[in-house]
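Here's data00.pdb, which has PDB, C-alpha atoms:
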MODEL        1
ATOM      1  CA  MET T1482     -12.377  -8.387  48.117
ATOM      2  CA  LYS T1483     -10.796  -4.993  47.511
ATOM      3  CA  GLY T1484     -12.110  -1.481  47.707
ATOM      4  CA  GLY T1485     -14.636   0.585  49.605
ATOM      5  CA  LEU T1486     -17.675  -1.483  48.635
ATOM      6  CA  ARG T1487     -16.704  -4.455  50.738
ATOM      7  CA  GLY T1488     -19.718  -5.157  52.900
ATOM      8  CA  SER T1489     -21.616  -2.475  50.978
ATOM      9  CA  PRO T1490     -25.376  -2.215  51.618
ATOM     10  CA  TYR T1491     -25.766  -2.160  47.826
ATOM     11  CA  LEU T1492     -24.426  -5.695  47.631
ATOM     12  CA  SER T1493     -26.932  -6.705  50.306
ATOM     13  CA  GLU T1494     -29.768  -4.944  48.470
ATOM     14  CA  TYR T1495     -28.867  -6.767  45.269
ATOM     15  CA  THR T1496     -28.739 -10.214  46.871
ATOM     16  CA  LEU T1497     -31.948  -9.680  48.853
ATOM     17  CA  ASN T1498     -33.827  -8.459  45.789
ATOM     18  CA  MET T1499     -32.686 -11.253  43.485
ATOM     19  CA  GLY T1500     -33.888 -14.106  45.679
ATOM     20  CA  ASP T1501     -32.033 -17.400  45.726
ATOM     21  CA  PRO T1502     -28.762 -17.692  43.792
ATOM     22  CA  VAL T1503     -28.494 -20.422  41.186
ATOM     23  CA  SER T1504     -25.532 -22.108  42.896
ATOM     24  CA  ASN T1505     -23.487 -22.229  46.042
ATOM     25  CA  THR T1506     -20.639 -19.758  46.416
ATOM     26  CA  MET T1507     -18.384 -19.689  43.388
ATOM     27  CA  SER T1508     -14.970 -18.238  42.638
ATOM     28  CA  VAL T1509     -14.523 -15.576  39.983
ATOM     29  CA  GLU T1510     -12.546 -18.057  37.904
ATOM     30  CA  ASP T1511     -15.303 -20.676  38.046
ATOM     31  CA  TYR T1512     -17.950 -18.092  37.189
ATOM     32  CA  LEU T1513     -16.083 -16.923  34.098
ATOM     33  CA  ARG T1514     -15.349 -20.509  33.061
ATOM     34  CA  THR T1515     -18.987 -21.649  33.323
ATOM     35  CA  GLU T1516     -20.829 -18.522  32.151
ATOM     36  CA  ASP T1517     -20.596 -19.370  28.449
ATOM     37  CA  GLU T1518     -22.114 -22.795  29.175
ATOM     38  CA  SER T1519     -25.065 -21.406  31.150
ATOM     39  CA  LEU T1520     -28.605 -21.599  29.741
ATOM     40  CA  TRP T1521     -29.154 -17.968  30.766
ATOM     41  CA  ARG T1522     -26.935 -15.017  31.531
ATOM     42  CA  ARG T1523     -25.898 -14.744  35.152
ATOM     43  CA  GLU T1524     -24.529 -11.882  37.210
ATOM     44  CA  TYR T1525     -21.857 -12.467  39.831
ATOM     45  CA  VAL T1526     -22.290 -10.647  43.141
ATOM     46  CA  ALA T1527     -20.675 -11.308  46.515
ATOM     47  CA  GLY T1528     -19.538 -14.791  45.491
ATOM     48  CA  PHE T1529     -22.936 -15.935  44.191
ATOM     49  CA  VAL T1530     -24.437 -16.015  40.705
ATOM     50  CA  TYR T1531     -27.949 -14.798  39.908
ATOM     51  CA  PRO T1532     -29.929 -15.159  36.657
ATOM     52  CA  LEU T1533     -30.081 -11.785  34.945
ATOM     53  CA  HIS T1534     -33.792 -11.904  34.051
ATOM     54  CA  GLY T1535     -34.890 -14.599  36.473
ATOM     55  CA  ALA T1536     -34.729 -18.373  36.295
ATOM     56  CA  ALA T1537     -38.289 -18.931  35.042
ATOM     57  CA  PRO T1538     -38.523 -19.534  31.272
ATOM     58  CA  ASP T1539     -40.932 -16.603  30.808
ATOM     59  CA  GLN T1540     -38.431 -14.250  32.456
ATOM     60  CA  ASN T1541     -35.440 -15.279  30.361
ATOM     61  CA  GLY T1542     -35.023 -12.517  27.804
ATOM     62  CA  ALA T1543     -36.003  -8.940  26.952
ATOM     63  CA  SER T1544     -39.314  -7.558  25.709
ATOM     64  CA  VAL T1545     -39.935  -5.980  22.310
ATOM     65  CA  ALA T1546     -40.111  -2.532  23.921
ATOM     66  CA  HIS T1547     -36.804  -3.131  25.696
ATOM     67  CA  SER T1548     -35.105  -4.169  22.455
ATOM     68  CA  LEU T1549     -36.508  -1.260  20.451
ATOM     69  CA  ILE T1550     -35.506   1.321  23.047
ATOM     70  CA  GLY T1551     -31.990  -0.088  23.234
ATOM     71  CA  GLY T1552     -31.715  -0.034  19.458
ATOM     72  CA  HIS T1553     -32.864   3.589  19.294
ATOM     73  CA  ILE T1554     -30.232   4.656  21.826
ATOM     74  CA  ILE T1555     -27.508   2.804  19.936
ATOM     75  CA  GLY T1556     -28.600   4.321  16.627
ATOM     76  CA  ALA T1557     -28.734   7.832  18.039
ATOM     77  CA  LEU T1558     -25.332   7.679  19.736
ATOM     78  CA  HIS T1559     -23.386   5.639  17.198
ATOM     79  CA  PRO T1560     -22.316   8.497  14.890
ATOM     80  CA  THR T1561     -20.863  10.459  17.806
ATOM     81  CA  VAL T1562     -19.220   7.399  19.327
ATOM     82  CA  ALA T1563     -17.693   6.437  15.970
ATOM     83  CA  ARG T1564     -16.345   9.943  15.444
ATOM     84  CA  LEU T1565     -14.687   9.871  18.853
ATOM     85  CA  GLY T1566     -13.339   6.368  18.286
ATOM     86  CA  ASP T1567     -14.860   5.081  21.522
ATOM     87  CA  TYR T1568     -16.591   1.737  22.071
ATOM     88  CA  LEU T1569     -20.326   1.125  22.503
ATOM     89  CA  TYR T1570     -21.247  -2.258  23.967
ATOM     90  CA  ALA T1571     -24.729  -3.712  24.304
ATOM     91  CA  TYR T1572     -26.461  -6.466  26.248
ATOM     92  CA  GLN T1573     -24.159  -9.460  25.983
ATOM     93  CA  LEU T1574     -20.904  -8.094  27.396
ATOM     94  CA  LYS T1575     -20.061  -8.212  31.088
ATOM     95  CA  LEU T1576     -18.933  -5.243  33.170
ATOM     96  CA  PHE T1577     -16.360  -6.009  35.864
ATOM     97  CA  ILE T1578     -16.531  -3.707  38.885
ATOM     98  CA  GLU T1579     -13.190  -4.122  40.585
ATOM     99  CA  ALA T1580     -14.063  -2.459  43.908
ATOM    100  CA  SER T1581     -16.810  -4.978  44.647
ATOM    101  CA  ARG T1582     -15.572  -7.896  42.525
ATOM    102  CA  CYS T1583     -18.901  -7.992  40.677
ATOM    103  CA  PHE T1584     -19.723  -8.960  37.116
ATOM    104  CA  LEU T1585     -22.914  -7.347  35.820
ATOM    105  CA  TYR T1586     -24.636  -7.051  32.432
ATOM    106  CA  PRO T1587     -25.610  -3.428  31.734
ATOM    107  CA  ASP T1588     -27.956  -2.944  28.815
ATOM    108  CA  LEU T1589     -25.567  -0.423  27.225
ATOM    109  CA  MET T1590     -22.143   0.904  28.136
ATOM    110  CA  LEU T1591     -19.658   3.283  26.585
ATOM    111  CA  VAL T1592     -15.937   2.863  27.100
ATOM    112  CA  ALA T1593     -13.300   5.367  26.005
ATOM    113  CA  LYS T1594     -10.863   4.546  23.216
ATOM    114  CA  THR T1595      -8.080   4.876  25.780
ATOM    115  CA  GLU T1596      -9.369   1.600  27.275
ATOM    116  CA  PRO T1597      -8.945  -0.801  24.339
ATOM    117  CA  TYR T1598      -9.916  -4.433  24.746
ATOM    118  CA  GLY T1599      -9.014  -7.305  22.492
ATOM    119  CA  PRO T1600     -11.677  -9.127  20.444
ATOM    120  CA  ASP T1601     -11.527 -12.106  22.818
ATOM    121  CA  ALA T1602     -12.099 -10.068  25.996
ATOM    122  CA  MET T1603     -14.929 -11.476  28.129
ATOM    123  CA  TYR T1604     -15.588  -8.300  30.102
ATOM    124  CA  VAL T1605     -14.695  -4.620  30.248
ATOM    125  CA  SER T1606     -14.191  -2.053  32.997
ATOM    126  CA  ASN T1607     -14.065   1.742  33.286
ATOM    127  CA  PRO T1608     -17.225   2.796  31.390
ATOM    128  CA  TYR T1609     -18.121   6.477  31.259
ATOM    129  CA  LEU T1610     -21.805   5.947  30.378
ATOM    130  CA  LEU T1611     -24.115   3.152  31.547
ATOM    131  CA  VAL T1612     -27.740   2.585  30.560
ATOM    132  CA  GLU T1613     -30.286   0.232  32.102
ATOM    133  CA  ILE T1614     -33.725  -0.222  30.510
ATOM    134  CA  ILE T1615     -35.920  -1.272  33.378
ATOM    135  CA  SER T1616     -38.964  -3.479  33.713
ATOM    136  CA  GLU T1617     -41.135  -4.288  36.704
ATOM    137  CA  HIS T1618     -38.875  -7.253  37.419
ATOM    138  CA  THR T1619     -35.612  -5.262  37.398
ATOM    139  CA  GLU T1620     -36.731  -1.823  38.646
ATOM    140  CA  PHE T1621     -35.619  -2.122  42.273
ATOM    141  CA  ARG T1622     -32.332  -3.763  41.367
ATOM    142  CA  ASP T1623     -31.412  -1.098  38.793
ATOM    143  CA  ARG T1624     -32.633   1.938  40.762
ATOM    144  CA  VAL T1625     -31.211   0.947  44.150
ATOM    145  CA  ALA T1626     -28.676  -1.873  44.129
ATOM    146  CA  LYS T1627     -26.996  -1.270  40.773
ATOM    147  CA  TYR T1628     -27.080   2.491  41.273
ATOM    148  CA  GLY T1629     -24.708   2.187  44.210
ATOM    149  CA  LEU T1630     -22.426  -0.283  42.483
ATOM    150  CA  TYR T1631     -22.296   1.709  39.253
ATOM    151  CA  THR T1632     -21.797   5.165  40.746
ATOM    152  CA  ALA T1633     -18.799   3.900  42.707
ATOM    153  CA  ILE T1634     -16.954   3.309  39.395
ATOM    154  CA  PRO T1635     -14.380   6.150  39.184
ATOM    155  CA  SER T1636     -14.670   6.567  35.395
ATOM    156  CA  LEU T1637     -18.475   6.749  35.258
ATOM    157  CA  GLN T1638     -19.912  10.138  34.326
ATOM    158  CA  THR T1639     -23.566   9.361  33.501
ATOM    159  CA  TYR T1640     -26.020   6.624  34.461
ATOM    160  CA  LEU T1641     -29.381   6.494  32.662
ATOM    161  CA  ILE T1642     -32.324   4.474  33.951
ATOM    162  CA  VAL T1643     -34.870   4.185  31.150
ATOM    163  CA  GLU T1644     -38.460   3.066  31.758
ATOM    164  CA  GLN T1645     -39.851   0.750  29.101
ATOM    165  CA  ASP T1646     -43.549   1.083  30.026
ATOM    166  CA  GLU T1647     -43.759   4.897  30.037
ATOM    167  CA  ARG T1648     -41.758   7.820  28.679
ATOM    168  CA  ARG T1649     -39.710   8.431  31.791
ATOM    169  CA  ILE T1650     -35.938   8.578  32.317
ATOM    170  CA  TYR T1651     -33.822   9.111  35.405
ATOM    171  CA  ALA T1652     -30.499  10.682  34.417
ATOM    172  CA  TYR T1653     -27.728  10.620  37.027
ATOM    173  CA  SER T1654     -24.705  12.838  36.348
ATOM    174  CA  ARG T1655     -21.473  13.100  38.286
ATOM    175  CA  GLU T1656     -20.982  16.666  39.523
ATOM    176  CA  ASN T1657     -18.273  18.245  41.666
ATOM    177  CA  ASN T1658     -20.316  17.689  44.818
ATOM    178  CA  GLY T1659     -21.517  14.174  43.985
ATOM    179  CA  TRP T1660     -24.270  12.672  41.859
ATOM    180  CA  GLN T1661     -27.217  14.736  40.645
ATOM    181  CA  MET T1662     -30.479  13.244  39.345
ATOM    182  CA  GLN T1663     -32.730  14.689  36.633
ATOM    183  CA  GLU T1664     -36.113  13.093  35.958
ATOM    184  CA  LEU T1665     -37.621  13.549  32.498
ATOM    185  CA  ILE T1666     -41.226  12.610  31.710
ATOM    186  CA  GLY T1667     -42.880  12.663  28.304
ATOM    187  CA  GLU T1668     -40.489  14.951  26.446
ATOM    188  CA  GLY T1669     -37.114  16.551  26.992
ATOM    189  CA  ASP T1670     -33.422  16.273  26.317
ATOM    190  CA  ILE T1671     -30.730  14.549  28.347
ATOM    191  CA  HIS T1672     -27.367  16.253  28.150
ATOM    192  CA  LEU T1673     -24.482  13.790  27.897
ATOM    193  CA  PRO T1674     -21.324  15.751  28.710
ATOM    194  CA  CYS T1675     -19.222  12.647  28.084
ATOM    195  CA  LEU T1676     -20.253  12.869  24.400
ATOM    196  CA  ASN T1677     -20.871  16.616  24.221
ATOM    197  CA  ARG T1678     -24.356  16.011  22.822
ATOM    198  CA  SER T1679     -27.942  15.549  23.970
ATOM    199  CA  LEU T1680     -30.291  12.607  23.641
ATOM    200  CA  SER T1681     -34.020  13.295  23.422
ATOM    201  CA  LEU T1682     -36.881  11.205  24.742
ATOM    202  CA  GLY T1683     -38.313  11.415  21.238
ATOM    203  CA  GLU T1684     -35.272   9.601  19.851
ATOM    204  CA  ILE T1685     -35.409   6.974  22.576
ATOM    205  CA  TYR T1686     -39.131   6.163  22.476
ATOM    206  CA  ASP T1687     -39.827   6.672  18.766
ATOM    207  CA  GLY T1688     -42.489   4.195  17.708
ATOM    208  CA  VAL T1689     -42.573   2.574  21.154
ATOM    209  CA  LEU T1690     -44.581   4.899  23.422
TER     210      LEU T1690
ENDMDL
END

Would you kindly transcribe this structure into structure tokens?
Amino acid sequence: MKGGLRGSPYLSEYTLNMGDPVSNTMSVEDYLRTEDESLWRREYVAGFVYPLHGAAPDQNGASVAHSLIGGHIIGALHPTVARLGDYLYAYQLKLFIEASRCFLYPDLMLVAKTEPYGPDAMYVSNPYLLVEIISEHTEFRDRVAKYGLYTAIPSLQTYLIVEQDERRIYAYSRENNGWQMQELIGEGDIHLPCLNRSLSLGEIYDGVL
């Protein structure tokens, strides 16, 4: 395993929070080979695979609020992303984090046009914006474990954690002296320097909350 996240406490936080893995240790090659055959999406962390939403049938999938919020963000950002020629990926595509040899499923990610991937690519790397829409089941994982894994990605500029049960967003931005967090509740605008535009809570939660 390469990079500074080897033995990272964020890997430990992830594995402790997710409970039992769905298999014994597995190689990266075996994970990628079997993922398409799996009954549910699985994330690969520290040699183990974990169900993204949980193994119980009632946990397998996203809520209506989650889907609507994700769709609003895509709709709001798409014109800017299209003008720039960048790539906006949602839900089903894996993110490979090289430093920790992890494969995760962010809800949304933006990748620059300078990082083209072929139509048959199974995962991407080097996002500059990541978004997670959190629920009670995923809150700890996204706010603690994934925060550390994501913010170690050199290309990442902004990480948004979006609540689905209240109008609240945690916006993490890379600054010269590290990562800065802005919490927005109810109303407000999130500046996205990577796109040179803002995204309002009104756009995100329209018709949801």

- Tell me which residues the PyMOL selection byres ((chain T and resi 1636) around 8) grabs here, as a PyMOL selection string. chain T and resi 1607-1609+1634-1635+1637-1638

Answer key for the PyMOL selection byres ((chain T and resi 1656) around 12), residues as a PDB file with C-alpha atoms, in the coordinates of the input:
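Produced file out05.pdb, reproduced below:
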ATOM      1  CA  THR T1632     -21.797   5.165  40.746  1.00  0.00           C
ATOM      2  CA  LEU T1637     -18.475   6.749  35.258  1.00  0.00           C
ATOM      3  CA  GLN T1638     -19.912  10.138  34.326  1.00  0.00           C
ATOM      4  CA  THR T1639     -23.566   9.361  33.501  1.00  0.00           C
ATOM      5  CA  TYR T1653     -27.728  10.620  37.027  1.00  0.00           C
ATOM      6  CA  SER T1654     -24.705  12.838  36.348  1.00  0.00           C
ATOM      7  CA  ARG T1655     -21.473  13.100  38.286  1.00  0.00           C
ATOM      8  CA  ASN T1657     -18.273  18.245  41.666  1.00  0.00           C
ATOM      9  CA  ASN T1658     -20.316  17.689  44.818  1.00  0.00           C
ATOM     10  CA  GLY T1659     -21.517  14.174  43.985  1.00  0.00           C
ATOM     11  CA  TRP T1660     -24.270  12.672  41.859  1.00  0.00           C
ATOM     12  CA  GLN T1661     -27.217  14.736  40.645  1.00  0.00           C
ATOM     13  CA  MET T1662     -30.479  13.244  39.345  1.00  0.00           C
ATOM     14  CA  PRO T1674     -21.324  15.751  28.710  1.00  0.00           C
TER      15      PRO T1674
END

inquiry  = Tell me which residues come within 12 Å of (-38.7, 9.8, 22.9), as a VMD selection string, counting all atoms listed in the file in the file's coordinates.
reply    = chain T and resid 1549 to 1551 1553 to 1554 1557 1643 to 1645 1647 to 1650 1665 to 1671 1680 to 1690

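A straight line drawn from atom CA of Ser1544 of chain T to atom CA of Val1526 of chain T is 24.6 Å long.
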
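Between Asn1677 of chain T and the candidates T:Thr1506, T:Thr1561, T:Ser1519, T:Ser1548, the tightest atom-to-atom separation, counting all atoms listed in the file, involves T:Thr1561.
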
Atom CA of Cys1675 of chain T to atom CA of Leu1533 of chain T measures 27.6 Å

| query | Which residues match the PyMOL selection byres ((chain T and resi 1524) around 7) in the file above, as a VMD selection string? | reply | chain T and resid 1522 to 1523 1525 to 1526 1530 to 1533 1584 to 1586

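Computed from the coordinates, the atom CA of Lys1575 of chain T to atom CA of Tyr1604 of chain T distance equals 4.6 Å.
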
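The protein and nucleic acid residues lying at most 8 Å from Met1507 of chain T are Ser1504, Asn1505, Val1509, Asp1511, Tyr1512, Gly1528, Phe1529 and Val1530 of chain T, with all atoms listed in the file considered and sequence neighbours fewer than 2 positions away removed.
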
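Candidate residues T:Leu1558, T:Cys1583, T:Ala1571, T:Ile1615 were compared for distance to Asp1646 of chain T, and the nearest is T:Ile1615, using all atoms listed in the file.
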
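You can rank T:Ala1633, T:Ala1652, T:Met1603, T:Ala1626 by their closest distance to Ile1578 of chain T using all atoms listed in the file, and at the top of that list sits T:Ala1633.
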
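With all atoms listed in the file as the atoms that count, the minimum distance from Leu1569 of chain T to the choices T:Val1612, T:Leu1673, T:Val1545, T:Ile1642 is reached by T:Val1612.
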
Distance query Leu1565 of chain T at most 10 Å, all atoms listed in the file, self and fewer than 6 positions along chain excluded, as a ChimeraX atom specification: /T:1559,1593-1594,1676

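Of the listed residues T:Ala1527, T:Asp1623, T:Glu1617, T:Glu1664, the one whose atoms come nearest to Ala1580 of chain T is T:Ala1527, with distances taken using all atoms listed in the file.
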
Across T:Leu1576, T:Ala1563, T:Leu1513, T:Leu1610, the smallest distance to His1672 of chain T, with all atoms listed in the file counted, is shown by T:Leu1610
